[in-house]
file query.csv (CSV, C-alpha atoms)
chain,number,residue,atom,x,y,z
C,1,MET,CA,12.9,-16.8,-12.1
C,2,ALA,CA,14.5,-13.8,-10.3
C,3,PRO,CA,13.3,-10.4,-11.5
C,4,HIS,CA,15.6,-7.8,-12.9
C,5,LEU,CA,15.1,-5.2,-10.3
C,6,ASN,CA,16.6,-1.8,-10.6
C,7,ILE,CA,15.9,-0.9,-7.0
C,8,VAL,CA,19.4,-0.5,-5.6
C,9,PRO,CA,20.5,2.1,-8.2
C,10,SER,CA,17.3,4.0,-7.6
C,11,MET,CA,17.8,4.1,-3.9
C,12,LEU,CA,21.4,5.2,-4.4
C,13,VAL,CA,20.2,8.0,-6.6
C,14,LEU,CA,17.8,9.1,-3.8
C,15,LEU,CA,20.5,8.9,-1.2
C,16,LEU,CA,23.0,10.9,-3.2
C,17,LEU,CA,20.3,13.5,-4.1
C,18,PHE,CA,19.5,14.2,-0.4
C,19,ILE,CA,23.1,14.1,0.7
C,20,SER,CA,24.1,16.7,-2.0
C,21,ALA,CA,21.0,18.8,-1.1
C,22,SER,CA,21.9,18.8,2.6
C,23,LYS,CA,25.3,20.3,1.8
C,24,VAL,CA,23.6,23.4,0.6
C,25,GLN,CA,22.0,25.5,3.3
C,26,SER,CA,18.2,25.1,2.7
C,27,ASP,CA,15.8,28.0,3.2
C,28,ALA,CA,13.3,27.3,6.0
C,29,PHE,CA,9.6,28.2,5.6
C,30,ASP,CA,8.0,27.9,9.0
C,31,VAL,CA,4.2,27.8,8.8
C,32,VAL,CA,3.8,29.3,12.3
C,33,ALA,CA,6.6,31.8,12.5
C,34,LYS,CA,6.4,33.1,8.9
C,35,PHE,CA,2.9,32.3,7.7
C,36,GLY,CA,0.7,32.6,10.8
C,37,ALA,CA,-0.4,29.1,11.3
C,38,LYS,CA,-1.8,28.3,14.8
C,39,PRO,CA,-1.2,24.9,16.5
C,40,ASP,CA,-4.5,25.1,18.4
C,41,GLY,CA,-6.4,22.2,16.7
C,42,LYS,CA,-9.1,24.7,15.5
C,43,THR,CA,-7.6,27.1,13.0
C,44,ASP,CA,-7.4,25.8,9.5
C,45,LEU,CA,-3.8,25.2,8.4
C,46,SER,CA,-4.7,25.1,4.7
C,47,LYS,CA,-3.7,28.6,3.6
C,48,PRO,CA,-0.5,28.9,5.7
C,49,PHE,CA,0.6,25.4,4.5
C,50,LEU,CA,-0.2,26.2,0.8
C,51,ASP,CA,1.5,29.6,1.0
C,52,ALA,CA,4.6,28.2,2.5
C,53,TRP,CA,4.7,25.5,-0.1
C,54,LYS,CA,4.3,27.9,-3.0
C,55,GLU,CA,7.1,30.1,-1.7
C,56,ALA,CA,9.4,27.2,-1.1
C,57,CYS,CA,8.6,25.6,-4.4
C,58,ALA,CA,9.5,28.8,-6.2
C,59,SER,CA,12.9,29.0,-4.5
C,60,VAL,CA,15.9,28.3,-6.8
C,61,THR,CA,17.8,26.8,-3.8
C,62,PRO,CA,16.8,23.8,-1.7
C,63,SER,CA,14.0,24.6,0.7
C,64,THR,CA,12.2,23.1,3.7
C,65,VAL,CA,8.7,23.7,4.8
C,66,VAL,CA,8.5,23.3,8.6
C,67,ILE,CA,5.4,22.4,10.6
C,68,PRO,CA,6.4,22.7,14.2
C,69,LYS,CA,5.1,20.6,17.1
C,70,GLY,CA,1.5,21.1,18.1
C,71,THR,CA,-1.9,20.1,16.8
C,72,TYR,CA,-3.3,21.6,13.6
C,73,LEU,CA,-6.6,21.4,11.8
C,74,LEU,CA,-6.3,21.0,8.1
C,75,SER,CA,-9.4,21.1,5.8
C,76,LYS,CA,-7.4,19.9,2.7
C,77,VAL,CA,-4.4,20.9,0.7
C,78,ASN,CA,-3.1,20.3,-2.8
C,79,LEU,CA,0.7,20.7,-3.1
C,80,GLU,CA,1.7,21.0,-6.7
C,81,GLY,CA,5.0,21.1,-8.6
C,82,PRO,CA,7.2,21.3,-10.5
C,83,CYS,CA,9.5,23.1,-8.1
C,84,LYS,CA,12.6,24.9,-9.0
C,85,ALA,CA,14.9,23.0,-6.6
C,86,PRO,CA,14.8,20.1,-4.2
C,87,ILE,CA,12.1,20.6,-1.6
C,88,GLU,CA,11.4,19.1,1.9
C,89,ILE,CA,8.6,19.1,4.4
C,90,ASN,CA,9.6,18.7,8.0
C,91,VAL,CA,6.4,17.6,9.8
C,92,GLN,CA,6.9,17.6,13.6
C,93,GLY,CA,3.3,18.2,14.7
C,94,THR,CA,0.0,16.4,14.4
C,95,ILE,CA,-2.2,17.4,11.5
C,96,GLN,CA,-5.9,16.5,11.8
C,97,ALA,CA,-8.6,16.2,9.2
C,98,PRO,CA,-12.2,17.3,9.8
C,99,ALA,CA,-13.9,14.4,11.6
C,100,ASP,CA,-17.2,14.8,9.6
C,101,PRO,CA,-16.9,13.0,6.3
C,102,SER,CA,-19.4,15.5,4.7
C,103,ALA,CA,-16.6,18.1,4.8
C,104,PHE,CA,-15.1,16.3,1.7
C,105,LYS,CA,-16.5,16.4,-1.8
C,106,ASP,CA,-13.7,14.4,-3.4
C,107,PRO,CA,-11.3,11.7,-2.2
C,108,ASN,CA,-8.4,14.1,-1.5
C,109,TRP,CA,-7.1,15.5,1.8
C,110,VAL,CA,-3.3,15.9,1.5
C,111,ARG,CA,-2.1,15.6,-2.1
C,112,PHE,CA,1.3,15.9,-3.7
C,113,TYR,CA,1.2,16.3,-7.5
C,114,SER,CA,4.0,16.5,-10.1
C,115,VAL,CA,6.8,17.0,-7.6
C,116,GLU,CA,10.4,15.9,-8.2
C,117,ASN,CA,13.3,15.6,-5.7
C,118,PHE,CA,11.1,15.7,-2.7
C,119,LYS,CA,11.6,14.5,0.9
C,120,MET,CA,9.1,14.4,3.8
C,121,PHE,CA,10.2,13.5,7.4
C,122,GLY,CA,10.1,14.7,11.0
C,123,GLY,CA,8.1,12.2,13.0
C,124,GLY,CA,4.8,14.0,12.5
C,125,ILE,CA,1.3,12.5,12.4
C,126,PHE,CA,-1.5,12.8,9.7
C,127,ASP,CA,-4.7,11.9,11.6
C,128,GLY,CA,-7.7,11.3,9.3
C,129,GLN,CA,-10.1,11.1,12.3
C,130,GLY,CA,-12.0,8.3,10.5
C,131,SER,CA,-14.3,6.8,13.2
C,132,ILE,CA,-17.5,8.4,11.8
C,133,ALA,CA,-16.7,7.3,8.3
C,134,TYR,CA,-16.1,3.7,9.4
C,135,GLU,CA,-19.7,3.5,10.7
C,136,LYS,CA,-21.2,4.7,7.4
C,137,ASN,CA,-18.9,3.0,4.9
C,138,THR,CA,-20.8,-0.1,3.8
C,139,CYS,CA,-20.7,-2.0,0.5
C,140,GLU,CA,-24.2,-0.6,-0.3
C,141,ASN,CA,-23.1,3.0,0.3
C,142,ARG,CA,-20.9,3.4,-2.7
C,143,GLU,CA,-21.6,7.1,-3.3
C,144,PHE,CA,-20.6,7.9,0.3
C,145,ARG,CA,-17.4,5.9,-0.1
C,146,SER,CA,-16.5,7.6,-3.4
C,147,LYS,CA,-16.0,10.9,-1.5
C,148,LEU,CA,-14.0,9.6,1.4
C,149,PRO,CA,-10.4,11.0,1.3
C,150,VAL,CA,-7.1,9.2,1.3
C,151,ASN,CA,-4.9,10.6,4.0
C,152,ILE,CA,-1.8,11.2,1.8
C,153,ARG,CA,-1.7,11.0,-2.0
C,154,PHE,CA,1.5,11.0,-4.1
C,155,ASP,CA,0.6,11.5,-7.8
C,156,PHE,CA,3.3,11.8,-10.5
C,157,VAL,CA,6.0,12.2,-7.9
C,158,THR,CA,9.6,11.3,-8.9
C,159,ASN,CA,12.7,10.8,-6.8
C,160,ALA,CA,11.2,11.0,-3.3
C,161,LEU,CA,12.0,9.9,0.2
C,162,ILE,CA,9.2,9.7,2.8
C,163,GLN,CA,10.6,8.8,6.3
C,164,ASP,CA,9.3,8.7,9.9
C,165,ILE,CA,5.8,9.7,9.3
C,166,THR,CA,2.6,8.3,10.9
C,167,SER,CA,-0.8,8.0,9.2
C,168,LYS,CA,-3.6,7.4,11.6
C,169,ASP,CA,-7.3,6.5,11.2
C,170,SER,CA,-7.6,7.4,7.6
C,171,LYS,CA,-11.2,7.6,6.3
C,172,LEU,CA,-10.1,5.5,3.3
C,173,PHE,CA,-6.7,4.4,2.1
C,174,HIS,CA,-3.8,5.8,4.3
C,175,ILE,CA,-1.3,6.4,1.5
C,176,ASN,CA,-1.9,6.1,-2.3
C,177,VAL,CA,1.0,6.1,-4.7
C,178,PHE,CA,0.0,6.7,-8.4
C,179,ALA,CA,2.2,7.2,-11.4
C,180,CYS,CA,5.3,7.7,-9.3
C,181,LYS,CA,8.9,6.7,-10.0
C,182,ASN,CA,11.8,6.1,-7.6
C,183,ILE,CA,9.9,6.7,-4.3
C,184,THR,CA,11.0,5.2,-1.0
C,185,LEU,CA,8.7,5.0,2.0
C,186,GLU,CA,10.7,4.1,5.1
C,187,ARG,CA,10.1,3.8,8.8
C,188,LEU,CA,6.4,4.6,8.5
C,189,LYS,CA,3.8,3.9,11.1
C,190,ILE,CA,0.2,3.2,9.9
C,191,GLU,CA,-2.6,2.5,12.3
C,192,ALA,CA,-6.4,2.1,12.2
C,193,PRO,CA,-8.8,-0.2,13.9
C,194,ASP,CA,-9.0,-3.8,12.5
C,195,GLU,CA,-12.7,-3.2,11.7
C,196,SER,CA,-12.1,0.0,9.7
C,197,PRO,CA,-13.3,-0.7,6.1
C,198,ASN,CA,-11.2,0.0,3.0
C,199,THR,CA,-8.3,1.5,5.0
C,200,ASP,CA,-5.5,-0.1,2.9
C,201,GLY,CA,-2.2,0.9,4.5
C,202,ILE,CA,-0.2,1.7,1.3
C,203,HIS,CA,-1.8,1.2,-2.2
C,204,MET,CA,0.0,1.8,-5.4
C,205,GLY,CA,-0.5,1.6,-9.2
C,206,LYS,CA,1.2,2.5,-12.4
C,207,SER,CA,4.4,3.2,-10.5
C,208,GLU,CA,8.0,2.0,-10.9
C,209,GLY,CA,10.9,1.7,-8.4
C,210,VAL,CA,8.7,1.9,-5.3
C,211,ASN,CA,10.4,0.8,-2.0
C,212,ILE,CA,8.6,0.2,1.2
C,213,ILE,CA,11.0,-0.5,4.1
C,214,ALA,CA,11.0,-1.1,7.8
C,215,SER,CA,7.4,0.0,8.4
C,216,ASP,CA,4.7,-1.0,10.9
C,217,ILE,CA,1.2,-1.3,9.5
C,218,LYS,CA,-2.0,-2.1,11.5
C,219,THR,CA,-5.2,-1.5,9.7
C,220,GLY,CA,-8.6,-2.9,8.6
C,221,ASP,CA,-7.7,-3.9,5.0
C,222,ASP,CA,-4.6,-4.8,3.1
C,223,CYS,CA,-1.4,-3.6,4.8
C,224,ILE,CA,0.0,-3.1,1.3
C,225,SER,CA,-2.0,-3.5,-1.9
C,226,ILE,CA,-0.3,-3.5,-5.4
C,227,GLY,CA,-2.4,-2.4,-8.3
C,228,ASP,CA,-1.9,-2.6,-12.0
C,229,GLY,CA,1.1,-1.1,-13.7
C,230,THR,CA,3.4,-1.6,-10.7
C,231,LYS,CA,7.0,-2.6,-11.7
C,232,ASN,CA,10.3,-3.2,-10.0
C,233,MET,CA,9.3,-2.9,-6.4
C,234,VAL,CA,10.8,-3.9,-3.1
C,235,ILE,CA,8.9,-4.5,0.1
C,236,LYS,CA,11.0,-5.5,3.1
C,237,GLU,CA,11.1,-5.5,6.9
C,238,ILE,CA,7.4,-4.9,7.3
C,239,THR,CA,5.3,-5.8,10.3
C,240,CYS,CA,1.7,-6.3,9.2
C,241,GLY,CA,-1.4,-6.9,11.3
C,242,PRO,CA,-4.2,-6.7,12.0
C,243,GLY,CA,-5.3,-6.3,8.4
C,244,HIS,CA,-5.7,-8.4,5.2
C,245,GLY,CA,-2.0,-9.1,4.6
C,246,ILE,CA,0.2,-8.0,1.6
C,247,SER,CA,-1.6,-8.4,-1.6
C,248,ILE,CA,-1.0,-8.2,-5.4
C,249,GLY,CA,-4.3,-6.9,-6.6
C,250,SER,CA,-7.1,-7.1,-6.9
C,251,LEU,CA,-6.7,-7.2,-10.7
C,252,GLY,CA,-8.9,-7.9,-13.7
C,253,LYS,CA,-11.8,-5.7,-12.6
C,254,PHE,CA,-11.2,-3.0,-15.2
C,255,GLN,CA,-10.3,-2.8,-18.9
C,256,ASN,CA,-6.8,-2.1,-20.1
C,257,GLU,CA,-5.0,-2.8,-16.8
C,258,GLU,CA,-1.2,-2.7,-17.2
C,259,PRO,CA,1.0,-5.7,-16.2
C,260,VAL,CA,2.4,-6.1,-12.7
C,261,GLU,CA,5.9,-7.4,-12.7
C,262,GLY,CA,9.1,-7.5,-10.7
C,263,ILE,CA,7.8,-7.4,-7.1
C,264,LYS,CA,9.9,-8.8,-4.2
C,265,ILE,CA,8.5,-9.0,-0.7
C,266,SER,CA,11.0,-10.2,2.0
C,267,ASN,CA,11.8,-10.3,5.7
C,268,CYS,CA,8.3,-9.5,6.8
C,269,THR,CA,6.2,-10.6,9.8
C,270,ILE,CA,2.4,-10.9,9.4
C,271,THR,CA,0.3,-11.4,12.5
C,272,ASN,CA,-3.5,-12.0,13.1
C,273,THR,CA,-4.5,-11.1,9.6
C,274,SER,CA,-7.1,-12.7,7.3
C,275,ASN,CA,-4.5,-13.3,4.6
C,276,GLY,CA,-0.7,-13.3,4.4
C,277,ALA,CA,1.1,-13.4,1.0
C,278,ARG,CA,-1.7,-13.1,-1.5
C,279,ILE,CA,-2.4,-12.6,-5.2
C,280,LYS,CA,-6.1,-11.8,-6.1
C,281,THR,CA,-7.8,-11.5,-9.4
C,282,TRP,CA,-11.5,-11.3,-10.4
C,283,PRO,CA,-13.3,-14.1,-12.2
C,284,GLY,CA,-14.6,-13.1,-15.6
C,285,GLU,CA,-14.2,-9.4,-16.2
C,286,HIS,CA,-11.0,-8.4,-18.0
C,287,GLY,CA,-7.5,-9.6,-18.8
C,288,GLY,CA,-4.1,-8.8,-17.4
C,289,ALA,CA,-0.7,-10.2,-16.5
C,290,VAL,CA,1.2,-10.8,-13.3
C,291,SER,CA,4.8,-12.1,-13.4
C,292,GLU,CA,8.0,-12.2,-11.4
C,293,ILE,CA,6.4,-12.0,-7.9
C,294,HIS,CA,8.6,-13.3,-5.1
C,295,PHE,CA,7.7,-13.7,-1.4
C,296,GLU,CA,10.7,-14.7,0.7
C,297,ASP,CA,11.6,-15.0,4.4
C,298,ILE,CA,8.2,-14.3,5.9
C,299,THR,CA,6.9,-15.2,9.3
C,300,MET,CA,3.2,-15.9,9.7
C,301,ASN,CA,1.6,-15.7,13.1
C,302,ASN,CA,-2.0,-17.0,13.3
C,303,VAL,CA,-2.9,-15.9,9.8
C,304,SER,CA,-6.1,-17.4,8.3
C,305,SER,CA,-4.7,-17.9,4.8
C,306,PRO,CA,-1.0,-17.5,4.9
C,307,ILE,CA,-0.2,-18.3,1.3
C,308,LEU,CA,-3.0,-17.6,-1.2
C,309,ILE,CA,-3.5,-17.3,-5.0
C,310,ASP,CA,-7.1,-16.5,-5.4
C,311,GLN,CA,-8.3,-16.1,-9.0
C,312,GLN,CA,-11.9,-16.4,-7.9
C,313,TYR,CA,-11.7,-13.2,-5.8
C,314,CYS,CA,-15.3,-12.2,-5.1
C,315,PRO,CA,-15.9,-10.0,-2.1
C,316,TRP,CA,-19.6,-9.5,-1.2
C,317,ASN,CA,-20.4,-12.1,-3.9
C,318,LYS,CA,-20.6,-9.4,-6.5
C,319,CYS,CA,-18.8,-11.0,-9.5
C,320,LYS,CA,-19.1,-13.3,-12.5
C,321,LYS,CA,-18.7,-16.5,-10.4
C,322,ASN,CA,-19.3,-18.9,-13.2
C,323,GLU,CA,-16.5,-17.5,-15.4
C,324,GLU,CA,-12.7,-17.9,-15.2
C,325,SER,CA,-10.3,-15.1,-14.5
C,326,LYS,CA,-8.6,-13.7,-17.6
C,327,VAL,CA,-5.5,-12.5,-15.7
C,328,LYS,CA,-2.4,-14.6,-16.5
C,329,LEU,CA,-0.1,-15.4,-13.6
C,330,SER,CA,3.5,-16.7,-14.1
C,331,ASN,CA,6.9,-16.9,-12.4
C,332,ILE,CA,5.7,-16.7,-8.8
C,333,SER,CA,7.6,-18.0,-5.8
C,334,PHE,CA,7.0,-18.5,-2.1
C,335,LYS,CA,10.3,-19.3,-0.3
C,336,ASN,CA,11.2,-19.8,3.4
C,337,ILE,CA,7.8,-19.0,4.8
C,338,ARG,CA,7.1,-20.3,8.3
C,339,GLY,CA,4.7,-19.9,11.2
C,340,THR,CA,1.1,-20.7,12.1
C,341,SER,CA,-2.2,-20.7,10.3
C,342,ALA,CA,-5.5,-19.9,12.0
C,343,LEU,CA,-7.4,-22.2,9.6
C,344,PRO,CA,-6.4,-25.6,8.3
C,345,GLU,CA,-6.0,-24.4,4.7
C,346,ALA,CA,-2.5,-22.9,5.0
C,347,ILE,CA,-1.8,-22.9,1.3
C,348,LYS,CA,-4.5,-22.2,-1.3
C,349,PHE,CA,-3.7,-22.0,-5.0
C,350,ILE,CA,-7.0,-21.3,-6.9
C,351,CYS,CA,-5.9,-20.6,-10.4
C,352,SER,CA,-7.8,-19.9,-13.6
C,353,GLY,CA,-9.1,-22.8,-15.6
C,354,SER,CA,-8.8,-20.9,-18.9
C,355,SER,CA,-5.3,-19.6,-18.1
C,356,PRO,CA,-3.6,-21.9,-15.4
C,357,CYS,CA,-0.8,-20.4,-13.3
C,358,GLN,CA,2.6,-21.1,-14.7
C,359,ASN,CA,5.9,-21.6,-12.9
C,360,VAL,CA,4.7,-21.3,-9.3
C,361,GLU,CA,7.4,-22.3,-6.9
C,362,LEU,CA,7.2,-23.5,-3.3
C,363,ALA,CA,10.4,-23.9,-1.3
C,364,ASP,CA,11.1,-24.4,2.4
C,365,ILE,CA,7.6,-23.9,3.7
C,366,ASP,CA,6.7,-24.8,7.4
C,367,ILE,CA,3.3,-23.6,8.5
C,368,LYS,CA,1.4,-25.4,11.3
C,369,HIS,CA,-2.3,-25.1,12.0
C,370,ASN,CA,-3.0,-23.6,15.4
C,371,GLY,CA,-6.0,-26.0,15.8
C,372,ALA,CA,-6.2,-29.8,16.3
C,373,GLU,CA,-6.3,-30.6,12.5
C,374,PRO,CA,-3.1,-30.6,10.5
C,375,ALA,CA,-2.4,-27.9,8.0
C,376,THR,CA,-3.5,-28.6,4.4
C,377,SER,CA,-2.7,-27.4,0.9
C,378,GLN,CA,-5.2,-26.9,-1.9
C,379,CYS,CA,-4.3,-26.6,-5.6
C,380,LEU,CA,-6.6,-25.9,-8.6
C,381,ASN,CA,-5.3,-25.5,-12.1
C,382,VAL,CA,-1.6,-25.3,-11.1
C,383,LYS,CA,1.3,-27.8,-10.6
C,384,PRO,CA,3.8,-26.1,-8.3
C,385,ILE,CA,7.5,-26.6,-8.5
C,386,THR,CA,8.7,-27.7,-5.1
C,387,SER,CA,11.9,-28.0,-3.1
C,388,GLY,CA,13.2,-28.2,0.5
C,389,LYS,CA,11.1,-28.9,3.5
C,390,LEU,CA,7.4,-28.6,2.8
C,391,ASN,CA,4.7,-28.5,5.5
C,392,PRO,CA,1.9,-28.9,4.6
C,393,ILE,CA,2.5,-31.2,1.6
C,394,PRO,CA,1.7,-29.3,-1.6
C,395,CYS,CA,-1.7,-30.0,-3.1
C,396,SER,CA,-2.5,-32.5,-0.4
C,397,GLY,CA,-6.1,-31.3,0.4
C,398,PRO,CA,-9.2,-31.4,-1.7
C,399,VAL,CA,-10.5,-28.2,-3.3
C,400,PRO,CA,-14.1,-27.4,-2.6
C,401,LYS,CA,-16.4,-26.9,-5.6
C,402,THR,CA,-17.1,-23.3,-4.4
C,403,PRO,CA,-13.9,-22.0,-2.6
C,404,SER,CA,-14.7,-19.6,0.2
C,405,ALA,CA,-14.6,-15.9,-0.5
C,406,SER,CA,-11.7,-13.8,0.9
C,407,ALA,CA,-11.8,-10.2,1.9

call {"tool": "encode", "arguments": {"input": "query.csv", "output": "structure tokens"}}
result
Amino acid sequence: MAPHLNIVPSMLVLLLLFISASKVQSDAFDVVAKFGAKPDGKTDLSKPFLDAWKEACASVTPSTVVIPKGTYLLSKVNLEGPCKAPIEINVQGTIQAPADPSAFKDPNWVRFYSVENFKMFGGGIFDGQGSIAYEKNTCENREFRSKLPVNIRFDFVTNALIQDITSKDSKLFHINVFACKNITLERLKIEAPDESPNTDGIHMGKSEGVNIIASDIKTGDDCISIGDGTKNMVIKEITCGPGHGISIGSLGKFQNEEPVEGIKISNCTITNTSNGARIKTWPGEHGGAVSEIHFEDITMNNVSSPILIDQQYCPWNKCKKNEESKVKLSNISFKNIRGTSALPEAIKFICSGSSPCQNVELADIDIKHNGAEPATSQCLNVKPITSGKLNPIPCSGPVPKTPSASA
């Protein structure tokens, strides 16, 4: 059942790329010294930042855009390639978005588009100042939400390394990865209040060779969410919580979604979240496929639903509840997962009646309920393959006729 992941070669390519680039003296483009940016928290950084990027991107030798320490106001910026040589951004300061959500007419704040051989590092902070947006972002206010910006977007980016960056209080998702190839996000810090809506830490779709490593994510939605078209991905050494856990999906909501395959999540710690290791698909709606998904060596601390396959995912009760999910799930494993559950139902496999889950494996599971009742396991339309120590006993609990909705 092990996926054929091409992750190690892609990471080696990135490492060699940046080692070779570092041997060449890169040109530095300082937004303050050369382009007149002011670290006063009031003067818009947009033009100096964009001017520095354009000049660096046009360089035929490796180049670095430098944002020195200090606080900068940034209305928005769209940083486009292709560039003529490898390019870096050294973010040392704190970059703040306008606090008023009405300043944004589309869901973009900082966007990288069509860039290859790219690195961003430096210990800097992207502060979305999202507190006003959190108060207004309700499920009924869809038009408002559609204009809320993601803190950092990577669209069509290839061979990239993002290290030692903080995303704080994004108005919507913190980081969105779309149509990217061979991109590593390492030692990131993501933080937002646990009640902040739709603030997924890292969301991706239609990307291959994404690696998320050694990062700390505290937010109000999924720590990491994996959308359609994601292939050959490694997530490891993540601390997650508060939030909604690490999720495949949601899937099946839209037509022509691409398969999700070859995802390995390992050596993570998930604490005080509503979910832990989760796969979620919509009932009814549209088809899709999820395969070769492997959760291993994960610690759960007071997680409401530590292990969850939810093919009746229906937030806000807005779905076709009486229909089965059309998304096919196969070759999924949960191995060496231990810790505590906030609710008795430590394991819930709610699979589709029209397309039951295939080859679901449970091995070496030890999850105890924090309350007086013992932990239980629920199974619907699935017969898991089991091995090793198993607590709770697989499929030992009854499945309610209407499983509770998960966020």

call {"tool": "atom_distance", "arguments": {"input": "query.csv", "atom1": "atom CA of C:Asn322", "atom2": "atom CA of C:Gly205"}}
result
28.1 Å

call {"tool": "residues_around", "arguments": {"input": "query.csv", "residues": "stretch 227-239 of chain C", "least_positions_apart": "6", "cutoff": "6 Å", "atoms": "all atoms listed in the file", "output": "list in words"}}
result
Leu5, Met204, Gly205, Lys206, Ser207, Glu208, Gly209, Val210, Asn211, Ile212, Ile213, Ala214, Ser215, Asp216, Gly249, Glu257, Glu258, Pro259, Val260, Glu261, Gly262, Ile263, Lys264, Ile265, Ser266, Asn267, Cys268, Thr269 and Ile270 of chain C

call {"tool": "write_last_selection", "arguments": {"input": "query.csv", "atoms": "C-alpha atoms", "output": "short mmCIF file (atom, residue, chain, number, x, y, z; two decimals), keeping the file's coordinate frame"}}
result
data_model
loop_
_atom_site.label_atom_id
_atom_site.label_comp_id
_atom_site.auth_asym_id
_atom_site.auth_seq_id
_atom_site.Cartn_x
_atom_site.Cartn_y
_atom_site.Cartn_z
CA LEU C 5 15.10 -5.20 -10.30
CA MET C 204 0.00 1.80 -5.40
CA GLY C 205 -0.50 1.60 -9.20
CA LYS C 206 1.20 2.50 -12.40
CA SER C 207 4.40 3.20 -10.50
CA GLU C 208 8.00 2.00 -10.90
CA GLY C 209 10.90 1.70 -8.40
CA VAL C 210 8.70 1.90 -5.30
CA ASN C 211 10.40 0.80 -2.00
CA ILE C 212 8.60 0.20 1.20
CA ILE C 213 11.00 -0.50 4.10
CA ALA C 214 11.00 -1.10 7.80
CA SER C 215 7.40 0.00 8.40
CA ASP C 216 4.70 -1.00 10.90
CA GLY C 249 -4.30 -6.90 -6.60
CA GLU C 257 -5.00 -2.80 -16.80
CA GLU C 258 -1.20 -2.70 -17.20
CA PRO C 259 1.00 -5.70 -16.20
CA VAL C 260 2.40 -6.10 -12.70
CA GLU C 261 5.90 -7.40 -12.70
CA GLY C 262 9.10 -7.50 -10.70
CA ILE C 263 7.80 -7.40 -7.10
CA LYS C 264 9.90 -8.80 -4.20
CA ILE C 265 8.50 -9.00 -0.70
CA SER C 266 11.00 -10.20 2.00
CA ASN C 267 11.80 -10.30 5.70
CA CYS C 268 8.30 -9.50 6.80
CA THR C 269 6.20 -10.60 9.80
CA ILE C 270 2.40 -10.90 9.40
#

call {"tool": "closest_residue", "arguments": {"input": "query.csv", "among": "C:Asp169, C:Asp164, C:Glu345, C:Glu324", "to": "C:Val303", "atoms": "only C-alpha atoms"}}
result
C:Glu345

call {"tool": "atom_distance", "arguments": {"input": "query.csv", "atom1": "atom CA of C:Asn317", "atom2": "atom CA of C:Cys139"}}
result
11.0 Å

call {"tool": "atom_distance", "arguments": {"input": "query.csv", "atom1": "atom CA of C:Lys389", "atom2": "atom CA of C:Leu329"}}
result
24.5 Å

call {"tool": "residues_around", "arguments": {"input": "query.csv", "residues": "C:Gly36", "least_positions_apart": "3", "cutoff": "10 Å", "atoms": "only C-alpha atoms", "output": "JSON, numbers by chain"}}
result
{"C": [30, 31, 32, 33, 39, 45, 47, 48, 49]}

call {"tool": "residues_around", "arguments": {"input": "query.csv", "residues": "C:Thr386", "least_positions_apart": "2", "cutoff": "7 Å", "atoms": "only C-alpha atoms", "output": "list in words"}}
result
Glu361, Leu362, Ala363 and Pro384 of chain C

call {"tool": "write_last_selection", "arguments": {"input": "query.csv", "atoms": "C-alpha atoms", "output": "PDB file, keeping the file's coordinate frame"}}
result
ATOM      1  CA  GLU C 361       7.400 -22.300  -6.900  1.00  0.00           C
ATOM      2  CA  LEU C 362       7.200 -23.500  -3.300  1.00  0.00           C
ATOM      3  CA  ALA C 363      10.400 -23.900  -1.300  1.00  0.00           C
ATOM      4  CA  PRO C 384       3.800 -26.100  -8.300  1.00  0.00           C
TER       5      PRO C 384
END
